[in-house]
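Everything below belongs to model.cif, which stores mmCIF, C-alpha atoms and all ligand atoms.
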```
data_start
loop_
_atom_site.label_atom_id
_atom_site.label_comp_id
_atom_site.auth_asym_id
_atom_site.auth_seq_id
_atom_site.Cartn_x
_atom_site.Cartn_y
_atom_site.Cartn_z
CA MET Q 494 58.59 -26.23 -28.37
CA ILE Q 495 57.75 -22.88 -26.79
CA ASN Q 496 60.72 -20.66 -26.07
CA ASN Q 497 60.97 -19.29 -22.59
CA TYR Q 498 61.59 -15.59 -22.84
CA GLU Q 499 63.04 -13.43 -20.13
CA ILE Q 500 62.59 -9.67 -19.79
CA ASP Q 501 65.82 -7.70 -20.12
CA LYS Q 502 65.58 -4.99 -17.47
CA VAL Q 503 67.68 -2.46 -19.44
CA LYS Q 504 65.37 -2.83 -22.47
CA PHE Q 505 62.30 -2.72 -20.22
CA ASN Q 506 63.53 0.48 -18.54
CA ARG Q 507 64.30 2.04 -21.93
CA TRP Q 508 60.78 1.37 -23.19
CA LEU Q 509 59.22 2.76 -20.00
CA ASN Q 510 61.30 5.89 -20.68
CA ILE Q 511 60.33 6.01 -24.36
CA ARG Q 512 56.62 5.62 -23.50
CA LYS Q 513 56.97 8.22 -20.74
CA THR Q 514 55.33 5.97 -18.21
CA THR Q 515 56.39 4.56 -14.84
CA ILE Q 516 56.45 1.10 -13.24
CA LYS Q 517 53.91 2.34 -10.69
CA HIS Q 518 51.53 3.43 -13.42
CA LEU Q 519 52.04 0.20 -15.38
CA ASN Q 520 51.31 -1.91 -12.26
CA PHE Q 521 48.16 0.12 -11.61
CA ASP Q 522 46.87 -0.30 -15.19
CA LEU Q 523 47.72 -4.02 -15.35
CA LYS Q 524 46.70 -5.00 -11.80
CA ASN Q 525 43.83 -7.21 -13.03
CA LYS Q 526 45.87 -8.82 -15.77
CA LEU Q 527 49.30 -9.48 -14.27
CA ASN Q 528 48.66 -10.60 -10.71
CA PHE Q 529 52.25 -9.64 -9.99
CA ASN Q 530 53.73 -6.40 -8.67
CA LEU Q 531 56.37 -5.81 -11.34
CA SER Q 532 59.67 -4.05 -10.61
CA LEU Q 533 62.96 -3.71 -12.49
CA ASP Q 534 64.45 -6.15 -9.99
CA ASN Q 535 61.89 -8.93 -10.43
CA CYS Q 536 60.86 -8.43 -14.09
CA HIS Q 537 63.02 -11.42 -15.17
CA GLU Q 538 60.60 -13.70 -13.25
CA LEU Q 539 57.68 -12.86 -15.55
CA ASP Q 540 56.45 -15.79 -17.71
CA ASN Q 541 55.79 -15.66 -21.48
CA TYR Q 542 52.13 -14.73 -20.98
CA GLY Q 543 53.04 -11.91 -18.56
CA ILE Q 544 55.68 -10.61 -20.99
CA SER Q 545 53.10 -10.54 -23.79
CA ILE Q 546 50.75 -8.46 -21.57
CA VAL Q 547 53.54 -5.95 -20.80
CA ALA Q 548 54.60 -5.81 -24.47
CA GLU Q 549 51.01 -5.18 -25.53
CA TYR Q 550 50.69 -2.46 -22.88
CA LEU Q 551 53.86 -0.74 -24.15
CA GLU Q 552 52.71 -1.29 -27.77
CA ILE Q 553 55.88 -3.09 -28.85
CA SER Q 554 56.77 -6.55 -30.09
CA ILE Q 555 57.96 -9.02 -27.44
CA ASN Q 556 61.53 -9.07 -28.77
CA LYS Q 557 61.92 -5.35 -27.90
CA LEU Q 558 61.68 -6.43 -24.24
CA THR Q 559 63.34 -9.80 -24.01
CA LYS Q 560 66.96 -10.85 -23.53
CA GLU Q 561 68.95 -11.57 -26.65
CA VAL Q 562 71.39 -14.43 -27.02
CA PRO Q 563 74.72 -12.73 -26.17
CA ILE Q 564 76.95 -12.04 -29.17
CA PRO Q 565 80.25 -13.94 -28.73
CA SER Q 566 83.72 -12.44 -29.30
CA PHE Q 567 84.49 -15.15 -31.81
CA LEU Q 568 83.29 -18.44 -33.25
CA ILE Q 569 85.38 -21.18 -34.78
CA SER Q 570 84.31 -24.10 -36.98
CA LYS Q 571 86.75 -26.77 -38.05
CA LYS Q 572 86.72 -28.08 -41.62
CA LYS Q 573 84.84 -31.21 -40.52
CA ASP Q 574 82.13 -29.06 -38.83
CA ILE Q 575 81.69 -27.10 -42.06
CA SER Q 576 81.36 -30.30 -44.12
CA LYS Q 577 78.56 -31.46 -41.79
CA THR Q 578 76.45 -28.49 -42.99
CA LYS Q 579 76.52 -29.82 -46.58
CA ARG Q 580 73.16 -29.88 -48.40
CA PRO Q 581 72.69 -30.74 -52.07
CA ILE Q 582 70.62 -28.37 -54.24
CA ILE Q 583 68.76 -29.72 -57.25
CA LYS Q 584 68.21 -27.14 -59.99
CA ASP Q 585 67.27 -27.48 -63.64
CA GLY Q 586 66.88 -31.23 -63.08
CA ILE Q 587 70.50 -31.81 -61.99
CA HIS Q 588 72.57 -31.83 -58.78
CA PHE Q 589 73.58 -28.19 -59.23
CA TYR Q 590 75.32 -27.11 -55.99
CA ASN Q 591 76.34 -28.34 -52.58
CA TYR Q 592 75.89 -25.61 -49.95
CA TYR Q 593 77.92 -25.31 -46.72
CA THR Q 594 77.40 -22.66 -44.04
CA LEU Q 595 80.17 -20.70 -42.31
CA PRO Q 596 79.88 -19.99 -38.56
CA THR Q 597 78.00 -16.88 -37.48
CA PRO Q 598 76.17 -15.69 -34.33
CA LYS Q 599 72.50 -16.64 -33.93
CA GLY Q 600 70.24 -14.49 -36.08
CA TYR Q 601 73.05 -13.33 -38.39
CA ILE Q 602 73.18 -14.09 -42.11
CA SER Q 603 76.30 -16.12 -42.87
CA PRO Q 604 78.51 -16.65 -45.92
CA VAL Q 605 78.11 -19.92 -47.78
CA LEU Q 606 80.62 -22.16 -49.51
CA LEU Q 607 79.33 -23.79 -52.70
CA ASP Q 608 80.55 -26.72 -54.77
CA ILE Q 609 79.81 -25.89 -58.39
CA LEU Q 610 78.49 -29.03 -60.07
CA CYS Q 611 76.73 -27.90 -63.26
CA PRO Q 612 78.89 -29.40 -66.06
CA LYS Q 613 80.83 -27.16 -68.44
CA ASN Q 614 78.79 -28.10 -71.52
CA LYS Q 615 75.48 -27.02 -69.93
CA LEU Q 616 74.45 -23.35 -69.78
CA PRO Q 617 73.69 -22.84 -66.07
CA LYS Q 618 70.14 -21.78 -65.21
CA LEU Q 619 69.91 -18.29 -63.66
CA ASN Q 620 68.45 -17.62 -60.22
CA ASN Q 621 66.12 -14.65 -59.60
CA GLY Q 622 68.65 -12.50 -57.74
CA HIS Q 623 68.05 -11.18 -54.19
CA LEU Q 624 67.68 -7.85 -52.40
CA GLU Q 625 70.79 -8.44 -50.28
CA PRO Q 626 74.08 -7.28 -51.85
CA ALA Q 627 76.86 -9.88 -51.96
CA ILE Q 628 80.56 -10.49 -52.51
CA THR Q 629 81.54 -13.76 -54.20
CA ILE Q 630 85.02 -15.23 -54.53
CA SER Q 631 86.20 -18.00 -56.87
CA MET Q 632 87.88 -20.48 -54.48
CA GLY Q 633 89.12 -23.11 -56.90
CA PRO Q 634 90.72 -25.50 -57.37
CA ASN Q 635 89.55 -24.87 -60.96
CA ASP Q 636 88.12 -21.97 -62.95
CA ILE Q 637 84.33 -21.84 -63.26
CA TYR Q 638 81.87 -19.84 -65.38
CA ALA Q 639 79.67 -17.12 -63.88
CA ARG Q 640 76.53 -16.00 -65.71
CA PHE Q 641 74.55 -12.83 -64.94
CA SER Q 642 71.82 -12.49 -67.56
CA LYS Q 643 69.71 -14.36 -70.12
CA LYS Q 644 71.72 -12.64 -72.86
CA LEU Q 645 75.40 -13.52 -72.82
CA ASN Q 646 78.05 -10.86 -73.41
CA LYS Q 647 81.38 -9.81 -71.87
CA ASP Q 648 79.69 -8.56 -68.68
CA THR Q 649 77.24 -11.45 -68.29
CA TRP Q 650 79.32 -14.55 -69.13
CA ILE Q 651 82.64 -14.65 -67.34
CA LYS Q 652 85.40 -17.14 -66.74
CA PHE Q 653 85.55 -16.83 -62.95
CA LYS Q 654 89.23 -17.52 -62.55
CA VAL Q 655 91.54 -19.05 -59.96
CA ASN Q 656 95.12 -17.87 -59.49
CA LYS Q 657 97.47 -20.71 -60.48
CA ASN Q 658 100.75 -18.85 -59.89
CA PRO Q 659 102.46 -20.57 -56.90
CA LYS Q 660 104.25 -17.32 -55.97
CA THR Q 661 100.97 -15.44 -55.34
CA ASP Q 662 98.38 -18.21 -54.96
CA TRP Q 663 97.40 -17.05 -51.45
CA ILE Q 664 95.36 -14.65 -53.59
CA ILE Q 665 93.01 -17.52 -54.39
CA GLY Q 666 90.94 -16.15 -57.26
CA SER Q 667 88.80 -13.45 -58.80
CA SER Q 668 85.90 -11.84 -56.91
CA TYR Q 669 82.95 -9.59 -57.60
CA PHE Q 670 80.46 -7.36 -55.81
CA GLU Q 671 76.84 -8.09 -56.72
CA PRO Q 672 74.15 -5.43 -56.26
CA SER Q 673 70.49 -6.02 -55.32
CA PHE Q 674 68.49 -8.29 -57.64
CA CYS Q 675 71.40 -9.05 -59.99
CA THR Q 676 70.61 -12.53 -61.34
CA HIS Q 677 73.50 -15.00 -61.21
CA THR Q 678 74.49 -18.63 -61.59
CA TYR Q 679 77.61 -20.76 -62.09
CA SER Q 680 78.86 -23.81 -63.97
CA ARG Q 681 82.15 -25.63 -64.24
CA ALA Q 682 84.61 -24.44 -66.85
CA THR Q 683 86.67 -27.65 -66.70
CA ASN Q 684 85.97 -31.29 -65.88
CA GLY Q 685 87.33 -30.70 -62.37
CA PRO Q 686 85.64 -29.27 -59.29
CA GLY Q 687 85.22 -25.58 -58.54
CA ARG Q 688 84.01 -23.74 -55.44
CA ILE Q 689 82.91 -20.25 -54.47
CA ILE Q 690 82.37 -18.42 -51.21
CA SER Q 691 79.40 -16.13 -51.45
CA TYR Q 692 78.52 -13.62 -48.77
CA THR Q 693 74.97 -12.44 -49.20
CA THR Q 694 74.66 -10.12 -46.24
CA ARG Q 695 71.73 -8.29 -44.66
CA SER Q 696 70.24 -5.39 -46.59
CA ASN Q 697 69.95 -2.08 -44.72
CA ILE Q 698 66.70 -1.26 -46.54
CA GLU Q 699 65.04 -4.63 -45.90
CA ASN Q 700 62.64 -3.25 -43.26
CA LEU Q 701 61.79 -0.19 -45.31
CA LEU Q 702 60.88 -2.36 -48.29
CA SER Q 703 58.99 -5.01 -46.35
CA THR Q 704 57.16 -3.74 -43.28
CA LYS Q 705 57.64 -0.05 -42.50
CA LEU Q 706 55.50 1.60 -45.17
CA ASN Q 707 51.81 0.90 -45.67
CA LYS Q 708 50.59 -0.05 -49.16
CA ASN Q 709 49.44 3.47 -50.01
CA SER Q 710 52.75 5.07 -48.94
CA TYR Q 711 54.78 2.43 -50.79
CA LYS Q 712 52.77 2.89 -53.99
CA ASN Q 713 53.09 6.69 -53.87
CA PHE Q 714 56.82 6.52 -53.12
CA TYR Q 715 57.29 4.17 -56.08
CA LYS Q 716 55.30 6.50 -58.36
CA ILE Q 717 57.18 9.69 -57.51
CA SER Q 718 60.59 7.93 -57.73
CA LYS Q 719 59.90 6.31 -61.10
CA ASN Q 720 62.40 7.35 -63.79
CA LYS Q 721 64.05 9.79 -61.35
CA ILE Q 722 67.41 9.83 -59.60
CA ILE Q 723 66.71 8.86 -55.98
CA ASN Q 724 68.91 11.48 -54.26
CA ARG Q 725 67.15 14.24 -56.26
CA THR Q 726 63.73 12.81 -55.34
CA LEU Q 727 64.78 12.80 -51.69
CA LEU Q 728 66.04 16.41 -51.90
CA LYS Q 729 62.81 17.64 -53.48
CA LEU Q 730 60.82 15.86 -50.77
CA GLU Q 731 63.12 17.22 -48.04
CA ILE Q 732 62.56 20.77 -49.33
CA GLU Q 733 58.77 20.33 -49.32
CA THR Q 734 58.67 18.30 -46.08
CA LYS Q 735 60.34 21.23 -44.32
CA GLY Q 736 57.79 23.65 -45.70
CA TYR Q 737 59.80 25.35 -48.46
CA SER Q 738 58.71 25.83 -52.06
CA LEU Q 739 60.95 25.83 -55.12
CA GLU Q 740 60.02 29.53 -55.44
CA ASN Q 741 61.43 30.20 -51.92
CA ILE Q 742 64.61 28.31 -52.80
CA SER Q 743 64.97 30.15 -56.11
CA LYS Q 744 64.78 33.57 -54.39
CA ARG Q 745 66.88 32.78 -51.33
CA VAL Q 746 69.61 30.72 -53.00
CA ASN Q 747 69.67 32.91 -56.07
CA ILE Q 748 69.09 30.38 -58.85
CA SER Q 749 66.43 30.68 -61.51
CA LEU Q 750 63.20 28.81 -60.90
CA LYS Q 751 63.59 27.29 -64.36
CA THR Q 752 67.02 25.82 -63.47
CA ILE Q 753 65.86 24.26 -60.22
CA LYS Q 754 62.70 22.85 -61.80
CA GLU Q 755 64.72 21.36 -64.64
CA PHE Q 756 67.11 19.77 -62.14
CA PHE Q 757 64.23 17.84 -60.57
CA HIS Q 758 62.61 16.89 -63.88
CA ASN Q 759 65.50 16.17 -66.19
CA LYS Q 760 68.22 13.67 -65.26
CA ASN Q 761 70.69 15.36 -67.60
CA LYS Q 762 70.46 18.80 -65.97
CA ASN Q 763 72.81 19.33 -63.08
CA LEU Q 764 73.33 21.78 -60.24
CA SER Q 765 76.82 22.61 -59.04
CA ASN Q 766 77.89 21.27 -55.64
CA LYS Q 767 78.11 24.91 -54.49
CA THR Q 768 74.43 25.51 -55.34
CA LEU Q 769 73.42 22.23 -53.69
CA LYS Q 770 75.36 23.31 -50.62
CA ASN Q 771 73.58 26.67 -50.58
CA ILE Q 772 70.20 24.93 -50.83
CA CYS Q 773 71.10 22.54 -48.00
CA ASN Q 774 72.39 25.39 -45.84
CA TYR Q 775 69.15 27.32 -46.42
CA ILE Q 776 66.91 24.37 -45.45
CA ASN Q 777 69.43 23.18 -42.80
CA SER Q 778 69.85 19.65 -44.19
CA ASP Q 779 72.79 17.28 -44.67
CA ILE Q 780 74.24 17.72 -48.17
CA ASN Q 781 75.87 14.25 -48.09
CA LEU Q 782 72.50 12.65 -48.72
CA PHE Q 783 71.94 14.62 -51.90
CA LEU Q 784 75.34 14.84 -53.61
CA LYS Q 785 75.78 12.96 -56.86
CA THR Q 786 77.74 9.75 -56.24
CA LYS Q 787 79.65 7.85 -58.91
CA PHE Q 788 79.89 4.08 -58.62
CA ASN Q 789 82.34 1.79 -60.29
CA GLU Q 790 80.24 -0.92 -61.98
CA ASP Q 791 79.45 -2.60 -65.31
CA SER Q 792 76.28 -2.88 -67.43
CA VAL Q 793 74.55 -5.25 -64.94
CA GLY Q 794 75.62 -3.23 -61.88
CA LYS Q 795 78.26 -5.64 -60.63
CA LEU Q 796 81.90 -4.81 -59.93
CA TYR Q 797 84.15 -7.57 -61.18
CA PHE Q 798 87.63 -7.78 -59.68
CA ASP Q 799 89.97 -10.12 -61.50
CA TYR Q 800 92.61 -11.83 -59.31
CA LYS Q 801 95.25 -9.98 -61.34
CA LYS Q 802 93.77 -6.72 -60.03
CA SER Q 803 93.95 -8.17 -56.49
CA ILE Q 804 97.63 -8.95 -57.05
CA LYS Q 805 98.23 -5.28 -57.94
CA THR Q 806 96.89 -4.30 -54.48
CA ILE Q 807 99.39 -6.46 -52.53
CA ARG Q 808 100.63 -4.45 -49.55
CA ASP Q 809 102.15 -4.90 -46.11
CA PHE Q 810 99.61 -4.44 -43.36
CA LYS Q 811 100.64 -4.77 -39.71
CA SER Q 812 102.19 -8.27 -39.29
CA TYR Q 813 100.75 -9.53 -42.58
CA CYS Q 814 100.66 -9.15 -46.32
CA VAL Q 815 97.20 -8.43 -47.75
CA ALA Q 816 95.46 -7.94 -51.13
CA SER Q 817 91.94 -6.53 -51.61
CA ILE Q 818 88.92 -8.39 -52.93
CA ALA Q 819 86.00 -6.74 -54.77
CA ASN Q 820 84.08 -4.12 -52.81
CA SER Q 821 81.75 -1.28 -53.76
CA LYS Q 822 80.81 2.15 -52.43
CA ARG Q 823 77.22 1.03 -53.05
CA PHE Q 824 77.47 -1.12 -49.93
CA PRO Q 825 80.49 -0.17 -47.80
CA ASP Q 826 79.65 -2.75 -45.14
CA LEU Q 827 80.94 -5.55 -47.36
CA SER Q 828 84.69 -5.64 -47.90
CA GLY Q 829 87.61 -7.98 -47.44
CA TYR Q 830 91.10 -9.09 -48.30
CA PHE Q 831 93.29 -12.08 -48.91
CA MET Q 832 95.84 -12.36 -46.15
CA LYS Q 833 99.23 -14.02 -45.88
CA VAL Q 834 100.53 -14.88 -42.43
CA SER Q 835 104.25 -15.34 -42.07
CA ASN Q 836 105.75 -14.43 -38.70
CA LYS Q 837 107.58 -16.17 -35.89
CA LYS Q 838 105.95 -14.31 -32.99
CA SER Q 839 104.19 -16.29 -30.25
CA GLN Q 840 101.19 -13.95 -29.88
CA ILE Q 841 99.81 -11.04 -31.89
CA TYR Q 842 96.68 -8.94 -31.32
CA ASP Q 843 97.21 -6.29 -33.97
CA LEU Q 844 93.90 -6.60 -35.86
CA PHE Q 845 91.06 -4.40 -34.62
CA ASP Q 846 88.16 -3.62 -36.96
CA SER Q 847 85.00 -1.50 -36.97
CA LYS Q 848 83.08 -4.41 -38.50
CA CYS Q 849 82.64 -8.06 -37.64
CA CYS Q 850 84.36 -10.46 -40.01
CA HIS Q 851 84.65 -13.98 -41.30
CA TYR Q 852 87.93 -15.76 -41.94
CA PHE Q 853 88.30 -18.80 -44.17
CA VAL Q 854 91.68 -20.52 -43.82
CA THR Q 855 92.94 -21.10 -47.36
CA GLY Q 856 96.28 -22.71 -46.52
CA GLY Q 857 98.80 -23.68 -43.83
CA LYS Q 858 98.56 -24.58 -40.16
CA PHE Q 859 98.95 -21.68 -37.78
CA LYS Q 860 97.55 -19.94 -34.71
CA PHE Q 861 94.68 -17.55 -34.08
CA HIS Q 862 94.90 -15.25 -31.05
CA LEU Q 863 92.21 -13.10 -29.44
CA LYS Q 864 91.96 -10.86 -26.38
CA GLU Q 865 88.69 -10.88 -24.48
CA ASN Q 866 88.31 -8.92 -21.22
CA ASN Q 867 92.08 -9.14 -20.56
CA LYS Q 868 92.03 -12.89 -21.18
CA ASN Q 869 94.26 -14.16 -24.00
CA LEU Q 870 92.95 -17.03 -26.11
CA SER Q 871 94.79 -19.06 -28.76
CA ARG Q 872 93.46 -21.67 -31.17
CA ASN Q 873 95.13 -23.82 -33.84
CA VAL Q 874 93.67 -23.34 -37.32
CA GLY Q 875 94.27 -25.15 -40.60
CA GLU Q 876 93.13 -25.20 -44.21
CA GLY Q 877 89.32 -25.26 -44.48
CA ASP Q 878 88.65 -23.98 -40.92
CA CYS Q 879 86.47 -20.90 -40.48
CA LEU Q 880 86.26 -18.12 -37.91
CA TRP Q 881 83.88 -15.30 -37.06
CA VAL Q 882 85.25 -12.33 -35.06
CA SER Q 883 83.19 -9.54 -33.50
CA ALA Q 884 83.86 -5.84 -34.25
CA PHE Q 885 86.22 -3.95 -31.90
CA THR Q 886 88.02 -7.14 -30.83
CA TYR Q 887 91.82 -7.38 -30.70
CA HIS Q 888 92.98 -10.48 -32.54
CA GLY Q 889 95.78 -11.74 -34.77
CA PHE Q 890 97.54 -14.68 -36.37
CA THR Q 891 101.02 -16.21 -35.95
CA GLY Q 892 102.84 -18.89 -37.96
CA ASN Q 893 102.65 -19.57 -41.67
CA GLY Q 894 99.48 -19.72 -43.73
CA SER Q 895 96.85 -17.78 -45.60
CA LEU Q 896 93.26 -16.63 -45.15
CA LEU Q 897 90.37 -15.00 -46.91
CA LYS Q 898 88.73 -12.30 -44.80
CA ILE Q 899 85.26 -10.89 -45.47
CA SER Q 900 83.82 -8.19 -43.22
CA ASP Q 901 80.20 -7.08 -43.03
CA GLY Q 902 77.91 -4.70 -41.19
CA GLN Q 903 75.74 -7.04 -39.15
CA ASN Q 904 77.58 -6.18 -35.93
CA ILE Q 905 77.69 -2.44 -36.67
CA ASN Q 906 76.60 -1.06 -40.01
CA TYR Q 907 77.17 1.91 -42.32
CA MET Q 908 73.83 3.50 -41.40
CA GLU Q 909 74.74 3.32 -37.70
CA LYS Q 910 78.12 4.92 -38.45
CA ILE Q 911 76.37 7.86 -40.14
CA GLU Q 912 74.03 8.14 -37.16
CA MET Q 913 76.98 8.09 -34.74
CA LYS Q 914 78.63 10.91 -36.67
CA ASN Q 915 75.44 12.95 -36.24
CA THR Q 916 74.88 12.11 -32.57
CA TYR Q 917 75.59 14.99 -30.19
CA ASN Q 918 78.43 14.19 -27.79
CA PHE Q 919 78.57 10.61 -29.01
CA ASN Q 920 81.22 9.44 -26.54
CA ASN Q 921 78.98 10.49 -23.70
CA VAL Q 922 76.04 8.67 -25.30
CA LEU Q 923 78.20 5.56 -25.66
CA LYS Q 924 79.23 5.69 -22.02
CA ARG Q 925 75.73 6.37 -20.71
CA SER Q 926 73.90 3.78 -22.84
CA GLU Q 927 75.63 0.66 -21.55
CA ASN Q 928 73.26 -0.92 -19.01
CA ASP Q 929 71.46 2.40 -18.62
CA MET Q 930 69.01 2.03 -15.72
CA GLN Q 931 68.14 5.69 -15.21
CA ASN Q 932 64.50 6.68 -15.55
CA TRP Q 933 63.41 9.60 -17.69
CA GLY Q 934 63.37 11.96 -14.77
CA TYR Q 935 60.37 11.49 -12.46
CA ASP Q 936 60.33 11.02 -8.66
CA GLU Q 937 60.37 7.26 -7.93
CA ASN Q 938 58.63 7.62 -4.57
FE FE Q 1001 73.33 -15.19 -54.45
#
```
Would you mind writing the structure in this file as structure tokens?
Amino acid sequence: MINNYEIDKVKFNRWLNIRKTTIKHLNFDLKNKLNFNLSLDNCHELDNYGISIVAEYLEISINKLTKEVPIPSFLISKKKDISKTKRPIIKDGIHFYNYYTLPTPKGYISPVLLDILCPKNKLPKLNNGHLEPAITISMGPNDIYARFSKKLNKDTWIKFKVNKNPKTDWIIGSSYFEPSFCTHTYSRATNGPGRIISYTTRSNIENLLSTKLNKNSYKNFYKISKNKIINRTLLKLEIETKGYSLENISKRVNISLKTIKEFFHNKNKNLSNKTLKNICNYINSDINLFLKTKFNEDSVGKLYFDYKKSIKTIRDFKSYCVASIANSKRFPDLSGYFMKVSNKKSQIYDLFDSKCCHYFVTGGKFKFHLKENNKNLSRNVGEGDCLWVSAFTYHGFTGNGSLLKISDGQNINYMEKIEMKNTYNFNNVLKRSENDMQNWGYDEN
């Protein structure tokens, strides 16, 4: 089936502005191809073929011009809807997992729920890992094993535990953050069933690593980064890209040439933050990109967070009680918490986040509330139901129950937050950009 695309006039106008061309000029150049006098008011009438001609003319892919499926404020899937997404996975000759998908907007990557079926007496076969970072939570009802390498040791063979204490069991189990290409697999640790929720989200460097660089650039980048610390490689390149030599830096920042050369060649030689700041001030670059960052992780790069550690983070938060799950500064977009709902109010809209999020109802029967364009919505939710909520959306829960919440950056990500911080007069940009139909500043007639 061929999709019928429709031009989005705001996107179309933006690309006319970016290409510094006008509708009049475009119509003139395409008069033998389009057979249609295009305007911003009639562009939605153009068929797929016409859109492809305009996209080719503007040297962009079709999806830069066409309407997207609108992102909803929330999605809800009942337990029975989730069970309909079940698909068995055969691995190592056995029925290894059942996969279920949690609700998410079209085009988004979604968390998955897995039944762990590999029996306890069989060493589970590893996967190959994946670029996308992930958070995984042991959801019970029983403990399972998690394996992270061919060689087994305390970091690579773990009893992935479930919290059995009835006083705190809304904190369902242990969790861990998994970095790029960390191999992993699971088996049962008992004769009973075990489940996990795994959120493998989108990687912010996916495009860079797949399509943006040509083969020659990629190969050279790999070569110069090899055995080096990446933020130092980037600083050295930044210095040279802006037309400075290490000799210039040495003289102007007052450090010996030997010291600065050693810093770029030897991982064990350091520069003080003050010197780095002086270098960045001299070349007028953002020091935050180049500062040394420490990450909390083990020998395979993962950050394991036992449920007992989660229990230590129990705190009151707005109308709820929450406890953190594993999260890492390596990928701030992924975070979450266990949540206990216990209030008698009829409506609450006290949750408002800078990221979109998934909720998995882990216990109870209670109510979900959301405000959308001054309309108040309420839905009943119960154990096993799942929700997705957009960023910057007032919502809340009333009644008695518990949830697992996992947030991610697919709605608005860490890189975009850095870019916003750097954008001049951002609030003005935010105001102006919504449905912006202004041209780049030429006379229309
Ligand atoms: Fe995975």
Proximity to Thr676 (chain Q) - best of Q:Val882, Q:Val793, Q:Leu645, Q:Leu551, all atoms listed in the file: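 Looking at the shortest contact to Thr676 (chain Q), the residue is Q:Val793.
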Nearest residue to Lys579 (chain Q) from the set Q:Val562, Q:Met908, Q:Leu606, Q:Ile723 (distances using only C-alpha atoms):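 Smallest separation from Lys579 (chain Q) among the options: Q:Leu606.
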Residue nearest Tyr590 (chain Q) among Q:Phe670, Q:Ser603, Q:Gly687, Q:Thr559 (counting all atoms listed in the file): Q:Gly687
For ligand FE 1001 (chain Q), the nearest of the candidates Q:Cys850, Q:Ile689, Q:Leu750, Q:Leu897, counting all atoms listed in the file: Q:Ile689
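Around ligand FE 1001 (chain Q), the neighbouring residues within 10 Å, taking all atoms listed in the file, come to Val605, Asn620, Asn621, Gly622, His623, Leu624, Glu625, Pro626, Ala627, Ile628, Thr629, Glu671, Pro672, Ser673, Phe674, Cys675, Thr676, His677, Thr678, Ser691, Tyr692, Thr693 and Thr694 of chain Q.
The interatomic distance for the pair CA of Arg507 (chain Q) and CA of Tyr550 (chain Q) works out to 14.4 Å.
Nearest to Lys822 (chain Q) of all the residues Q:Thr768, Q:Thr786, Q:Ser895, Q:Ser576 is Q:Thr786, counting only C-alpha atoms.
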Nearest residue to Leu558 (chain Q) from the set Q:Asn915, Q:Asn656, Q:Asn506, Q:Thr514 (distances using only C-alpha atoms): Q:Asn506
Polymer residues at most 12 Å from Gln931 (chain Q), all atoms listed in the file, same-chain spacing of 4 or more positions, as a ChimeraX atom specification: /Q:502-510,515,533,925-927,935-937
Separation of CA of Ile911 (chain Q) from CA of Ser847 (chain Q), in Å and rounded to one decimal: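 Separation of CA of Ile911 (chain Q) and CA of Ser847 (chain Q): 13.1 Å.
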Residue neighbourhood Val746 (chain Q), 7 Å, only C-alpha atoms, exclusion window fewer than 2 positions, as a PDB file with C-alpha atoms, keeping the file's coordinate frame:
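Everything below was put into selection.pdb:
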```pdb
ATOM      1  CA  ILE Q 742      64.610  28.310 -52.800  1.00  0.00           C
ATOM      2  CA  SER Q 743      64.970  30.150 -56.110  1.00  0.00           C
ATOM      3  CA  LYS Q 744      64.780  33.570 -54.390  1.00  0.00           C
ATOM      4  CA  ILE Q 748      69.090  30.380 -58.850  1.00  0.00           C
ATOM      5  CA  ASN Q 771      73.580  26.670 -50.580  1.00  0.00           C
ATOM      6  CA  ILE Q 772      70.200  24.930 -50.830  1.00  0.00           C
TER       7      ILE Q 772
END
```
Distance of CA of Leu519 (chain Q) from CA of Glu552 (chain Q), expressed in Å to one decimal place: 12.5 Å
Would it be fine to have region 667-674 of chain Q, with N, CA and C atoms, given as an mmCIF file, in the first residue's frame?
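part-v2.cif, written as the output of this step:
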```cif
data_model
loop_
_atom_site.group_PDB
_atom_site.id
_atom_site.type_symbol
_atom_site.label_atom_id
_atom_site.label_comp_id
_atom_site.auth_asym_id
_atom_site.auth_seq_id
_atom_site.Cartn_x
_atom_site.Cartn_y
_atom_site.Cartn_z
ATOM 1 N N SER Q 667 15.319 -5.193 41.660
ATOM 2 C CA SER Q 667 16.564 -4.513 41.312
ATOM 3 C C SER Q 667 16.505 -4.016 39.869
ATOM 4 N N SER Q 668 17.416 -3.102 39.520
ATOM 5 C CA SER Q 668 17.424 -2.522 38.176
ATOM 6 C C SER Q 668 18.867 -2.227 37.786
ATOM 7 N N TYR Q 669 19.102 -2.043 36.509
ATOM 8 C CA TYR Q 669 20.452 -1.632 36.106
ATOM 9 C C TYR Q 669 20.415 -0.805 34.838
ATOM 10 N N PHE Q 670 21.406 0.059 34.689
ATOM 11 C CA PHE Q 670 21.601 0.836 33.462
ATOM 12 C C PHE Q 670 22.626 0.091 32.613
ATOM 13 N N GLU Q 671 22.335 -0.055 31.345
ATOM 14 C CA GLU Q 671 23.202 -0.814 30.437
ATOM 15 C C GLU Q 671 23.734 0.111 29.356
ATOM 16 N N PRO Q 672 25.062 0.232 29.221
ATOM 17 C CA PRO Q 672 25.607 1.133 28.203
ATOM 18 C C PRO Q 672 25.589 0.489 26.815
ATOM 19 N N SER Q 673 26.021 1.230 25.812
ATOM 20 C CA SER Q 673 26.053 0.732 24.431
ATOM 21 C C SER Q 673 26.869 -0.556 24.327
ATOM 22 N N PHE Q 674 26.347 -1.487 23.550
ATOM 23 C CA PHE Q 674 27.021 -2.748 23.206
ATOM 24 C C PHE Q 674 27.481 -3.580 24.408
#
```
